[in-house]
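Trainee: What follows is query_6.pdb, PDB, C-alpha atoms and all ligand atoms.
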```pdb
ATOM      1  CA  MET A   1      12.111   8.088 -13.944
ATOM      2  CA  LEU A   2      11.520   4.982 -16.039
ATOM      3  CA  GLN A   3      12.933   4.387 -19.533
ATOM      4  CA  LEU A   4      10.141   3.300 -21.844
ATOM      5  CA  PRO A   5      10.291   2.359 -25.548
ATOM      6  CA  ASN A   6       9.722   5.268 -27.988
ATOM      7  CA  GLN A   7       9.626   7.720 -25.120
ATOM      8  CA  THR A   8       9.565  11.221 -26.649
ATOM      9  CA  ALA A   9       8.912  13.385 -23.579
ATOM     10  CA  PHE A  10       8.617  13.204 -19.818
ATOM     11  CA  TYR A  11       6.593  15.453 -17.527
ATOM     12  CA  LYS A  12       6.667  15.192 -13.776
ATOM     13  CA  GLY A  13       3.281  16.435 -12.597
ATOM     14  CA  LYS A  14       2.460  17.082  -8.980
ATOM     15  CA  VAL A  15       1.117  13.568  -8.635
ATOM     16  CA  ARG A  16       1.580  11.765 -11.958
ATOM     17  CA  ASP A  17       4.701  10.886 -13.962
ATOM     18  CA  VAL A  18       3.673  11.353 -17.566
ATOM     19  CA  TYR A  19       5.626   9.629 -20.348
ATOM     20  CA  THR A  20       4.872  10.639 -23.921
ATOM     21  CA  ILE A  21       5.309   7.711 -26.272
ATOM     22  CA  ALA A  22       5.907   8.250 -29.996
ATOM     23  CA  ASP A  23       4.308  11.700 -29.602
ATOM     24  CA  LYS A  24       0.828  10.218 -29.518
ATOM     25  CA  TYR A  25       0.385   8.029 -26.473
ATOM     26  CA  LEU A  26       0.797   8.674 -22.770
ATOM     27  CA  ALA A  27       1.935   6.226 -20.123
ATOM     28  CA  MET A  28       0.823   7.729 -16.860
ATOM     29  CA  VAL A  29       2.283   6.385 -13.634
ATOM     30  CA  VAL A  30       0.347   7.584 -10.622
ATOM     31  CA  SER A  31       2.840   8.151  -7.821
ATOM     32  CA  ASP A  32       2.157   8.160  -4.091
ATOM     33  CA  ARG A  33       2.903  11.892  -3.955
ATOM     34  CA  ILE A  34       0.211  14.004  -2.366
ATOM     35  CA  SER A  35      -0.492  17.633  -3.161
ATOM     36  CA  ALA A  36      -2.695  20.084  -1.298
ATOM     37  CA  PHE A  37      -3.172  23.787  -2.004
ATOM     38  CA  ASP A  38      -1.112  23.123  -5.160
ATOM     39  CA  VAL A  39       1.940  22.144  -3.086
ATOM     40  CA  VAL A  40       3.461  18.655  -3.063
ATOM     41  CA  LEU A  41       3.792  17.551   0.567
ATOM     42  CA  PRO A  42       7.152  16.195   1.751
ATOM     43  CA  ARG A  43       6.139  12.550   2.316
ATOM     44  CA  PRO A  44       4.441  10.065  -0.022
ATOM     45  CA  ILE A  45       1.269   8.221   1.015
ATOM     46  CA  PRO A  46       1.622   4.432   0.627
ATOM     47  CA  PHE A  47      -0.706   2.933  -2.035
ATOM     48  CA  LYS A  48      -2.243   6.269  -2.914
ATOM     49  CA  GLY A  49      -1.223   5.907  -6.589
ATOM     50  CA  GLN A  50      -2.876   2.536  -6.849
ATOM     51  CA  VAL A  51      -6.051   3.904  -5.227
ATOM     52  CA  LEU A  52      -6.311   6.868  -7.580
ATOM     53  CA  ASN A  53      -5.516   4.973 -10.752
ATOM     54  CA  GLN A  54      -8.002   2.202 -10.074
ATOM     55  CA  ILE A  55     -10.858   4.510  -9.147
ATOM     56  CA  ALA A  56     -10.248   6.649 -12.225
ATOM     57  CA  ALA A  57     -10.135   3.591 -14.492
ATOM     58  CA  GLN A  58     -13.435   2.287 -13.157
ATOM     59  CA  TYR A  59     -15.192   5.613 -13.694
ATOM     60  CA  LEU A  60     -13.681   6.283 -17.113
ATOM     61  CA  LYS A  61     -15.061   2.914 -18.171
ATOM     62  CA  ALA A  62     -18.447   3.751 -16.668
ATOM     63  CA  THR A  63     -18.780   7.046 -18.561
ATOM     64  CA  GLU A  64     -17.631   5.884 -22.008
ATOM     65  CA  ASP A  65     -21.174   6.022 -23.317
ATOM     66  CA  ILE A  66     -21.339   9.743 -22.464
ATOM     67  CA  ILE A  67     -17.971  10.841 -23.807
ATOM     68  CA  PRO A  68     -14.946   9.114 -25.353
ATOM     69  CA  ASN A  69     -11.936   9.156 -23.032
ATOM     70  CA  TRP A  70      -8.185   8.880 -23.292
ATOM     71  CA  MET A  71      -7.751   5.491 -21.567
ATOM     72  CA  ILE A  72      -6.564   2.484 -23.577
ATOM     73  CA  SER A  73      -5.479   0.070 -20.849
ATOM     74  CA  THR A  74      -4.303  -0.201 -17.249
ATOM     75  CA  PRO A  75      -1.321  -2.571 -17.383
ATOM     76  CA  LEU A  76      -0.596  -1.973 -13.696
ATOM     77  CA  PRO A  77      -2.707  -1.036 -10.682
ATOM     78  CA  ASN A  78      -0.905   2.314 -10.583
ATOM     79  CA  ALA A  79      -0.541   3.087 -14.288
ATOM     80  CA  THR A  80      -2.678   3.820 -17.323
ATOM     81  CA  ILE A  81      -1.844   3.986 -20.997
ATOM     82  CA  GLY A  82      -3.895   6.224 -23.240
ATOM     83  CA  VAL A  83      -3.978   8.687 -26.075
ATOM     84  CA  LYS A  84      -2.307  12.044 -25.773
ATOM     85  CA  CYS A  85      -4.656  14.941 -26.425
ATOM     86  CA  GLU A  86      -4.324  18.670 -26.983
ATOM     87  CA  THR A  87      -5.505  19.888 -23.588
ATOM     88  CA  TYR A  88      -7.998  22.688 -22.969
ATOM     89  CA  PRO A  89      -6.415  25.243 -20.597
ATOM     90  CA  VAL A  90      -9.269  25.091 -18.081
ATOM     91  CA  GLU A  91     -10.365  22.709 -15.360
ATOM     92  CA  MET A  92     -14.108  22.193 -15.308
ATOM     93  CA  VAL A  93     -15.089  22.268 -11.630
ATOM     94  CA  ILE A  94     -18.652  21.298 -10.791
ATOM     95  CA  ARG A  95     -20.223  21.591  -7.352
ATOM     96  CA  GLY A  96     -23.431  20.097  -6.033
ATOM     97  CA  TYR A  97     -22.911  21.479  -2.513
ATOM     98  CA  LEU A  98     -21.515  24.596  -0.831
ATOM     99  CA  THR A  99     -18.251  23.111   0.406
ATOM    100  CA  GLY A 100     -14.501  23.768   0.517
ATOM    101  CA  HIS A 101     -13.324  26.731  -1.560
ATOM    102  CA  ALA A 102     -16.923  27.675  -2.443
ATOM    103  CA  TRP A 103     -17.857  27.766   1.241
ATOM    104  CA  ARG A 104     -14.724  29.718   2.176
ATOM    105  CA  THR A 105     -15.640  32.280  -0.512
ATOM    106  CA  TYR A 106     -19.277  32.412   0.639
ATOM    107  CA  LYS A 107     -18.305  32.781   4.297
ATOM    108  CA  SER A 108     -16.161  35.791   3.379
ATOM    109  CA  GLY A 109     -19.376  37.511   2.261
ATOM    110  CA  LYS A 110     -19.179  37.072  -1.518
ATOM    111  CA  ARG A 111     -22.323  35.917  -3.278
ATOM    112  CA  GLU A 112     -20.737  35.105  -6.594
ATOM    113  CA  LEU A 113     -18.223  32.470  -7.665
ATOM    114  CA  CYS A 114     -16.762  32.329 -11.182
ATOM    115  CA  GLY A 115     -19.564  34.571 -12.377
ATOM    116  CA  VAL A 116     -22.220  32.300 -10.876
ATOM    117  CA  PRO A 117     -24.562  34.026  -8.387
ATOM    118  CA  LEU A 118     -24.868  32.171  -5.064
ATOM    119  CA  PRO A 119     -28.225  32.100  -3.241
ATOM    120  CA  GLU A 120     -28.590  33.953   0.083
ATOM    121  CA  GLY A 121     -29.020  32.101   3.363
ATOM    122  CA  MET A 122     -26.982  28.967   2.684
ATOM    123  CA  LYS A 123     -25.015  27.063   5.313
ATOM    124  CA  GLU A 124     -21.799  25.114   4.824
ATOM    125  CA  ASN A 125     -22.424  21.879   2.872
ATOM    126  CA  ASP A 126     -25.965  22.809   1.822
ATOM    127  CA  LYS A 127     -27.022  21.471  -1.561
ATOM    128  CA  PHE A 128     -27.327  23.900  -4.465
ATOM    129  CA  PRO A 129     -30.680  23.911  -6.283
ATOM    130  CA  GLU A 130     -28.681  22.851  -9.377
ATOM    131  CA  PRO A 131     -24.980  21.905  -9.548
ATOM    132  CA  ILE A 132     -22.897  24.984 -10.378
ATOM    133  CA  LEU A 133     -19.920  25.204 -12.743
ATOM    134  CA  THR A 134     -16.934  27.061 -11.305
ATOM    135  CA  PRO A 135     -14.053  26.622 -13.748
ATOM    136  CA  THR A 136     -10.422  27.445 -13.060
ATOM    137  CA  THR A 137      -7.541  28.191 -15.366
ATOM    138  CA  LYS A 138      -5.024  25.387 -15.621
ATOM    139  CA  ALA A 139      -1.876  27.167 -14.475
ATOM    140  CA  HIS A 140       1.473  25.763 -15.618
ATOM    141  CA  GLU A 141       2.958  26.952 -12.386
ATOM    142  CA  GLY A 142       1.427  28.112  -9.146
ATOM    143  CA  HIS A 143      -2.240  28.256  -8.295
ATOM    144  CA  ASP A 144      -5.138  27.577 -10.590
ATOM    145  CA  GLU A 145      -7.330  30.702 -10.642
ATOM    146  CA  ASP A 146     -11.092  30.970 -10.628
ATOM    147  CA  ILE A 147     -12.452  32.192 -13.932
ATOM    148  CA  SER A 148     -15.934  32.758 -15.344
ATOM    149  CA  ARG A 149     -17.382  31.244 -18.495
ATOM    150  CA  GLU A 150     -17.593  34.780 -19.944
ATOM    151  CA  GLU A 151     -13.861  35.377 -19.344
ATOM    152  CA  ILE A 152     -12.898  31.973 -20.746
ATOM    153  CA  ILE A 153     -14.728  32.772 -23.964
ATOM    154  CA  ALA A 154     -13.689  36.459 -24.137
ATOM    155  CA  GLN A 155     -10.019  35.552 -23.629
ATOM    156  CA  GLY A 156     -10.298  32.918 -26.329
ATOM    157  CA  LEU A 157      -9.126  30.140 -23.975
ATOM    158  CA  VAL A 158     -11.889  27.941 -25.378
ATOM    159  CA  SER A 159     -14.265  28.801 -28.213
ATOM    160  CA  LYS A 160     -17.898  29.420 -27.277
ATOM    161  CA  GLU A 161     -19.121  26.320 -29.106
ATOM    162  CA  GLU A 162     -16.539  24.054 -27.526
ATOM    163  CA  TYR A 163     -17.036  25.568 -24.074
ATOM    164  CA  GLU A 164     -20.753  24.924 -24.263
ATOM    165  CA  GLN A 165     -19.987  21.329 -25.193
ATOM    166  CA  LEU A 166     -17.575  21.017 -22.244
ATOM    167  CA  GLU A 167     -20.308  22.315 -19.937
ATOM    168  CA  LYS A 168     -22.784  19.753 -21.242
ATOM    169  CA  TYR A 169     -20.294  16.930 -20.823
ATOM    170  CA  THR A 170     -19.369  18.126 -17.341
ATOM    171  CA  ARG A 171     -22.994  18.073 -16.187
ATOM    172  CA  ALA A 172     -23.650  14.671 -17.737
ATOM    173  CA  ILE A 173     -20.546  12.997 -16.262
ATOM    174  CA  PHE A 174     -21.254  14.544 -12.851
ATOM    175  CA  GLN A 175     -24.818  13.230 -13.023
ATOM    176  CA  ARG A 176     -23.507   9.727 -13.744
ATOM    177  CA  GLY A 177     -20.937   9.983 -10.946
ATOM    178  CA  THR A 178     -23.632  11.184  -8.559
ATOM    179  CA  GLU A 179     -25.841   8.191  -9.384
ATOM    180  CA  MET A 180     -22.977   5.721  -9.028
ATOM    181  CA  ALA A 181     -21.931   7.240  -5.706
ATOM    182  CA  ALA A 182     -25.513   7.075  -4.437
ATOM    183  CA  GLU A 183     -25.580   3.325  -5.113
ATOM    184  CA  ARG A 184     -22.658   3.053  -2.713
ATOM    185  CA  GLY A 185     -24.154   5.253  -0.019
ATOM    186  CA  LEU A 186     -22.047   8.241  -0.983
ATOM    187  CA  ILE A 187     -22.719  11.779  -2.121
ATOM    188  CA  LEU A 188     -20.463  13.090  -4.889
ATOM    189  CA  VAL A 189     -20.126  16.622  -3.531
ATOM    190  CA  ASP A 190     -17.949  18.250  -6.168
ATOM    191  CA  THR A 191     -15.289  17.350  -8.669
ATOM    192  CA  LYS A 192     -13.254  18.608 -11.609
ATOM    193  CA  TYR A 193     -12.775  17.309 -15.108
ATOM    194  CA  GLU A 194     -10.160  18.003 -17.734
ATOM    195  CA  PHE A 195     -10.777  17.675 -21.440
ATOM    196  CA  GLY A 196      -8.625  17.336 -24.506
ATOM    197  CA  ASN A 197      -9.009  17.262 -28.236
ATOM    198  CA  ILE A 198      -7.734  15.131 -31.109
ATOM    199  CA  ASP A 199      -8.602  16.147 -34.672
ATOM    200  CA  GLY A 200     -11.542  18.238 -33.544
ATOM    201  CA  LYS A 201     -13.028  15.545 -31.299
ATOM    202  CA  ILE A 202     -13.386  16.152 -27.555
ATOM    203  CA  TYR A 203     -12.080  13.539 -25.090
ATOM    204  CA  LEU A 204     -12.309  13.237 -21.335
ATOM    205  CA  ILE A 205      -8.730  13.061 -20.027
ATOM    206  CA  ASP A 206      -6.857  12.784 -16.730
ATOM    207  CA  GLU A 207      -8.322  11.101 -13.636
ATOM    208  CA  ILE A 208     -11.977  11.357 -12.649
ATOM    209  CA  HIS A 209     -13.958  10.866  -9.449
ATOM    210  CA  THR A 210     -10.873  10.152  -7.360
ATOM    211  CA  PRO A 211     -10.397  11.479  -3.824
ATOM    212  CA  ASP A 212      -7.829  13.932  -5.220
ATOM    213  CA  SER A 213     -10.176  15.433  -7.773
ATOM    214  CA  SER A 214     -13.471  15.017  -5.903
ATOM    215  CA  ARG A 215     -15.169  15.242  -2.548
ATOM    216  CA  TYR A 216     -17.504  12.593  -1.202
ATOM    217  CA  PHE A 217     -19.770  12.622   1.861
ATOM    218  CA  TYR A 218     -21.528   9.645   3.430
ATOM    219  CA  SER A 219     -25.237   9.804   2.507
ATOM    220  CA  GLU A 220     -26.392   8.179   5.715
ATOM    221  CA  GLY A 221     -27.166  10.842   8.283
ATOM    222  CA  PHE A 222     -26.360  13.690   5.894
ATOM    223  CA  GLU A 223     -29.696  15.512   6.377
ATOM    224  CA  ASP A 224     -29.580  14.975  10.103
ATOM    225  CA  ARG A 225     -26.098  16.392  10.456
ATOM    226  CA  GLN A 226     -27.052  19.370   8.234
ATOM    227  CA  ALA A 227     -30.155  20.079  10.340
ATOM    228  CA  LYS A 228     -28.099  19.967  13.545
ATOM    229  CA  GLY A 229     -25.327  22.079  12.036
ATOM    230  CA  GLU A 230     -22.798  19.295  12.516
ATOM    231  CA  ALA A 231     -19.762  18.619  10.333
ATOM    232  CA  GLN A 232     -20.286  16.154   7.484
ATOM    233  CA  LYS A 233     -18.445  12.850   7.287
ATOM    234  CA  GLN A 234     -15.998  13.434   4.462
ATOM    235  CA  LEU A 235     -14.342  10.869   2.284
ATOM    236  CA  SER A 236     -11.888  13.005   0.374
ATOM    237  CA  LYS A 237      -8.676  14.894   0.485
ATOM    238  CA  GLU A 238     -10.466  17.676   2.383
ATOM    239  CA  PHE A 239      -9.378  16.078   5.665
ATOM    240  CA  VAL A 240      -5.761  16.577   4.563
ATOM    241  CA  ARG A 241      -6.472  20.237   3.765
ATOM    242  CA  GLU A 242      -8.191  20.622   7.137
ATOM    243  CA  TRP A 243      -5.283  19.030   8.954
ATOM    244  CA  LEU A 244      -2.914  21.421   7.149
ATOM    245  CA  MET A 245      -5.069  24.468   7.954
ATOM    246  CA  GLU A 246      -5.375  23.499  11.616
ATOM    247  CA  ASN A 247      -1.591  23.443  11.646
ATOM    248  CA  GLY A 248      -1.229  26.847  10.039
ATOM    249  CA  PHE A 249      -0.684  25.931   6.389
ATOM    250  CA  GLN A 250      -2.841  27.185   3.529
ATOM    251  CA  GLY A 251      -0.302  27.098   0.727
ATOM    252  CA  LYS A 252       0.487  30.807   1.166
ATOM    253  CA  GLU A 253       4.010  32.092   0.791
ATOM    254  CA  GLY A 254       6.150  31.868   3.911
ATOM    255  CA  GLN A 255       4.022  29.159   5.533
ATOM    256  CA  ALA A 256       5.675  25.854   6.398
ATOM    257  CA  VAL A 257       4.104  22.428   5.895
ATOM    258  CA  PRO A 258       3.518  20.890   9.346
ATOM    259  CA  GLU A 259       5.538  17.784  10.236
ATOM    260  CA  MET A 260       4.129  14.610   8.721
ATOM    261  CA  THR A 261       4.691  11.920  11.318
ATOM    262  CA  ASP A 262       4.310   8.197  10.494
ATOM    263  CA  GLU A 263       0.961   8.376  12.228
ATOM    264  CA  VAL A 264      -0.211  11.178   9.953
ATOM    265  CA  VAL A 265       1.081   9.449   6.806
ATOM    266  CA  ASN A 266      -0.458   6.072   7.681
ATOM    267  CA  GLY A 267      -3.697   7.723   8.722
ATOM    268  CA  ILE A 268      -3.955   9.394   5.329
ATOM    269  CA  SER A 269      -3.137   6.093   3.562
ATOM    270  CA  ASP A 270      -5.898   4.325   5.502
ATOM    271  CA  ARG A 271      -8.396   7.010   4.519
ATOM    272  CA  TYR A 272      -7.492   6.652   0.833
ATOM    273  CA  ILE A 273      -7.940   2.873   1.030
ATOM    274  CA  GLU A 274     -11.234   3.285   2.896
ATOM    275  CA  LEU A 275     -12.376   5.601   0.164
ATOM    276  CA  TYR A 276     -11.330   3.143  -2.541
ATOM    277  CA  GLU A 277     -13.381   0.386  -0.940
ATOM    278  CA  HIS A 278     -16.437   2.582  -0.548
ATOM    279  CA  VAL A 279     -16.315   4.062  -4.002
ATOM    280  CA  THR A 280     -15.603   0.852  -5.932
ATOM    281  CA  GLY A 281     -17.268  -1.708  -3.674
ATOM    282  CA  ASN A 282     -14.118  -3.846  -3.983
ATOM    283  CA  LYS A 283     -11.659  -4.923  -1.331
ATOM    284  CA  PHE A 284      -8.354  -3.113  -1.775
ATOM    285  CA  VAL A 285      -5.349  -5.341  -2.426
ATOM    286  CA  LYS A 286      -2.010  -3.781  -1.520
ATOM    287  CA  GLU A 287       0.389  -4.499  -4.368
ATOM    288  CA  PRO A 288       3.908  -3.216  -3.937
ATOM    289  CA  ILE A 289       5.321  -2.749  -7.441
ATOM    290  CA  SER A 290       9.006  -2.448  -8.322
ATOM    291  CA  GLU A 291      10.398  -0.138 -10.999
ATOM    292  CA  GLN A 292      11.565  -3.171 -13.019
ATOM    293  CA  GLU A 293       8.074  -4.573 -12.986
ATOM    294  CA  MET A 294       6.626  -1.223 -14.054
ATOM    295  CA  THR A 295       9.083  -0.907 -16.925
ATOM    296  CA  ALA A 296       8.395  -4.483 -18.069
ATOM    297  CA  LYS A 297       4.604  -4.294 -17.917
ATOM    298  CA  LEU A 298       4.388  -0.871 -19.523
ATOM    299  CA  SER A 299       6.850  -1.785 -22.285
ATOM    300  CA  GLU A 300       4.843  -4.908 -23.069
ATOM    301  CA  ALA A 301       1.559  -2.979 -23.185
ATOM    302  CA  LEU A 302       3.076  -0.243 -25.346
ATOM    303  CA  ALA A 303       4.532  -2.772 -27.786
ATOM    304  CA  SER A 304       1.065  -4.158 -28.445
ATOM    305  CA  LEU A 305      -0.256  -0.725 -29.490
ATOM    306  CA  ASN A 306       1.026  -0.736 -33.067
TER     307      ASN A 306
HETATM  308  N1  LIG B 401      -4.888  12.296 -22.309
HETATM  309  C1  LIG B 401      -4.144  13.334 -21.949
HETATM  310  N2  LIG B 401      -3.507  14.086 -22.875
HETATM  311  C2  LIG B 401      -2.695  15.106 -22.508
HETATM  312  N3  LIG B 401      -2.466  15.470 -21.230
HETATM  313  C3  LIG B 401      -3.067  14.767 -20.266
HETATM  314  C4  LIG B 401      -3.944  13.675 -20.561
HETATM  315  N4  LIG B 401      -4.410  13.169 -19.390
HETATM  316  C5  LIG B 401      -3.851  13.915 -18.410
HETATM  317  N5  LIG B 401      -3.046  14.879 -18.903
HETATM  318  C6  LIG B 401      -2.230  15.822 -18.159
HETATM  319  O1  LIG B 401      -1.239  15.077 -17.451
HETATM  320  C7  LIG B 401      -0.937  15.671 -16.187
HETATM  321  C8  LIG B 401      -1.146  14.673 -15.059
HETATM  322  O2  LIG B 401      -0.285  14.883 -13.998
HETATM  323  P1  LIG B 401      -0.634  15.676 -12.661
HETATM  324  O3  LIG B 401       0.178  15.031 -11.603
HETATM  325  O4  LIG B 401      -2.095  15.816 -12.474
HETATM  326  O5  LIG B 401       0.021  17.053 -13.053
HETATM  327  P2  LIG B 401      -0.305  18.572 -12.742
HETATM  328  O6  LIG B 401       0.666  18.950 -11.672
HETATM  329  O7  LIG B 401      -0.001  19.212 -14.071
HETATM  330  O8  LIG B 401      -1.755  18.653 -12.356
HETATM  331  C9  LIG B 401      -1.871  16.873 -16.075
HETATM  332  O9  LIG B 401      -1.170  18.033 -16.428
HETATM  333  C10 LIG B 401      -2.990  16.574 -17.082
HETATM  334  O10 LIG B 401      -3.584  17.733 -17.598
HETATM  335 MG    MG B 402      -3.469  17.413 -12.073
END
```
Would you write out, as structure tokens, the structure that this file holds?
Ligand SMILES: Nc1ncnc2c1ncn2[C@@H]1O[C@H](COP(=O)(O)OP(=O)(O)O)[C@@H](O)[C@H]1O
Ligand SMILES: [Mg+2]

Mentor:
Amino acid sequence: MLQLPNQTAFYKGKVRDVYTIADKYLAMVVSDRISAFDVVLPRPIPFKGQVLNQIAAQYLKATEDIIPNWMISTPLPNATIGVKCETYPVEMVIRGYLTGHAWRTYKSGKRELCGVPLPEGMKENDKFPEPILTPTTKAHEGHDEDISREEIIAQGLVSKEEYEQLEKYTRAIFQRGTEMAAERGLILVDTKYEFGNIDGKIYLIDEIHTPDSSRYFYSEGFEDRQAKGEAQKQLSKEFVREWLMENGFQGKEGQAVPEMTDEVVNGISDRYIELYEHVTGNKFVKEPISEQEMTAKLSEALASLN
């Protein structure tokens, strides 16, 4: 843990180290920790923090015209400073395709997800006629649970008016992300957004469009592979989940995380960097950063805030 000026709280998230500064700002250091099925895996993935932070920063910038967001500056490749918001207790998941958890639910025979009816006759990775919203609760501990819009409103987790606004924002940001991905030969398959509030105004918070919060496919050959019933080429954390599942781990109690050899760890790191380069169009520069450097750069950036 770093010691930053005016630090009033510290929260160690699964992936991010979150420093509250003077009760109103956040300094968020994105670690190399990797989580899957809501469990932090035993070994860090080199440069993963830098990958996530830089992708998120680029997309937050690119969606500012749609919704204000929490980001103020990125003093380091792996850290962002921004405003602290009152968070809404839901994660807004939006899916353009029948993939991952949605597919696993569909395959089990269900034709409804989070209160949204699912069309008959779909195959894995088929596109939905319209992107669907499948929110989850934001659990403080343990697994996030699927929830419907009706339940969110009935339980008073979010007011009806605000929830409708969150839905509108979610669709608009996803649309923008989809267009930006398409320019890079990628399909933004699904993603999740988190929102916060300051003085009645809604902000986009957290990371967006990163491989941890989103799935991407390669556009080229997508239709062909679908027609032939072949697997899609994924650029996302799904390959980590698949590797875990193949080795008997689905985050259920009593299951052990399979051994992460150097080969596995470096393979995952390479995939994150590959994803960075595809998504941003920039060459990735590996920048090892020391704790002293982090403390110095963050302190300097925080000092210039007021
Ligand atoms: N601007 C913000 N204001 C308040 N909380 C935020 C903001 N941006 C992100 N967060 C929260 O910071 C945490 C980021 O750390 P993360 O590693 O994702 O933790 P978690 O294990 O809780 O998902 C999340 O809980 C996220 O909701
Ligand atoms: Mg999180």

Trainee: With only C-alpha atoms as the counted atoms, please give the residues lying no more than 10 Å from Pro117 of chain A, apart from itself and same-chain residues fewer than 6 positions off, as a VMD selection string.

Mentor: chain A and resid 110 to 111 132

Trainee: Would you list the residues that come within 7 Å of ligand LIG 401 (chain B)? Count all atoms listed in the file and give the answer as a PyMOL selection string.

Mentor: chain A and resi 12-18+26+70+82-87+140+194+196+205-206

Trainee: Find the residue from A:Leu186, A:Ile208, A:Ala102, A:Cys114 that sits nearest to ligand MG 402 (chain B); use all atoms listed in the file when measuring.

Mentor: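 So, comparing all the options, the nearest one is A:Ile208.
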
Trainee: With only C-alpha atoms as the basis for distance, which of A:Tyr25, A:Tyr216, A:Phe47, A:Tyr193 is at the shortest distance from Ser73 of chain A?

Mentor: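 Comparing A:Tyr25, A:Tyr216, A:Phe47, A:Tyr193 against Ser73 of chain A, the winner is A:Tyr25.
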
Trainee: Take the PyMOL selection byres (((chain A and resi 54) around 12) and not hetatm), run it mentally on this structure, and tell me the resulting residues as a PyMOL selection string.

Mentor: chain A and resi 29-30+47-53+55-61+71+73-80+207-211+272-273+275-277+279-285

Trainee: If you keep C-alpha atoms, can you output segment 144-193 of chain A as a compact mmCIF listing (two decimals), in the first residue's frame?

Mentor:
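decode_29.txt was written with the following content:
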```txt
# COMPACT_ATOMS: atom_id res chain seq x y z
CA ASP A 144 -22.56 -10.60 -8.19
CA GLU A 145 -26.10 -11.89 -8.80
CA ASP A 146 -28.29 -11.50 -11.85
CA ILE A 147 -31.21 -9.18 -11.22
CA SER A 148 -34.02 -7.80 -13.37
CA ARG A 149 -34.86 -4.15 -13.94
CA GLU A 150 -38.20 -4.78 -12.18
CA GLU A 151 -36.45 -6.14 -9.06
CA ILE A 152 -33.91 -3.30 -9.03
CA ILE A 153 -36.72 -0.77 -9.00
CA ALA A 154 -39.03 -2.72 -6.64
CA GLN A 155 -36.20 -3.20 -4.12
CA GLY A 156 -35.40 0.49 -4.32
CA LEU A 157 -31.77 -0.18 -5.33
CA VAL A 158 -32.11 2.56 -7.94
CA SER A 159 -35.11 4.82 -8.49
CA LYS A 160 -37.14 4.23 -11.65
CA GLU A 161 -36.15 7.58 -13.16
CA GLU A 162 -32.46 7.08 -12.50
CA TYR A 163 -32.54 3.47 -13.67
CA GLU A 164 -34.09 4.50 -16.95
CA GLN A 165 -31.33 7.07 -17.34
CA LEU A 166 -28.68 4.42 -16.59
CA GLU A 167 -30.22 2.20 -19.27
CA LYS A 168 -30.09 5.00 -21.83
CA TYR A 169 -26.48 5.78 -21.00
CA THR A 170 -25.55 2.10 -21.12
CA ARG A 171 -26.98 1.69 -24.62
CA ALA A 172 -25.36 4.88 -25.88
CA ILE A 173 -21.88 4.08 -24.51
CA PHE A 174 -22.11 0.51 -25.83
CA GLN A 175 -23.07 1.87 -29.25
CA ARG A 176 -20.00 4.13 -29.23
CA GLY A 177 -17.76 1.29 -28.07
CA THR A 178 -19.17 -0.96 -30.78
CA GLU A 179 -18.40 1.64 -33.47
CA MET A 180 -14.88 2.23 -32.17
CA ALA A 181 -14.19 -1.50 -32.00
CA ALA A 182 -15.47 -1.96 -35.55
CA GLU A 183 -12.93 0.60 -36.79
CA ARG A 184 -10.26 -1.69 -35.39
CA GLY A 185 -11.67 -4.89 -36.84
CA LEU A 186 -13.19 -5.97 -33.55
CA ILE A 187 -16.66 -6.79 -32.30
CA LEU A 188 -17.52 -5.49 -28.83
CA VAL A 189 -19.49 -8.54 -27.71
CA ASP A 190 -20.58 -7.51 -24.23
CA THR A 191 -19.46 -5.33 -21.38
CA LYS A 192 -20.47 -3.83 -18.05
CA TYR A 193 -20.58 -0.29 -16.79
```
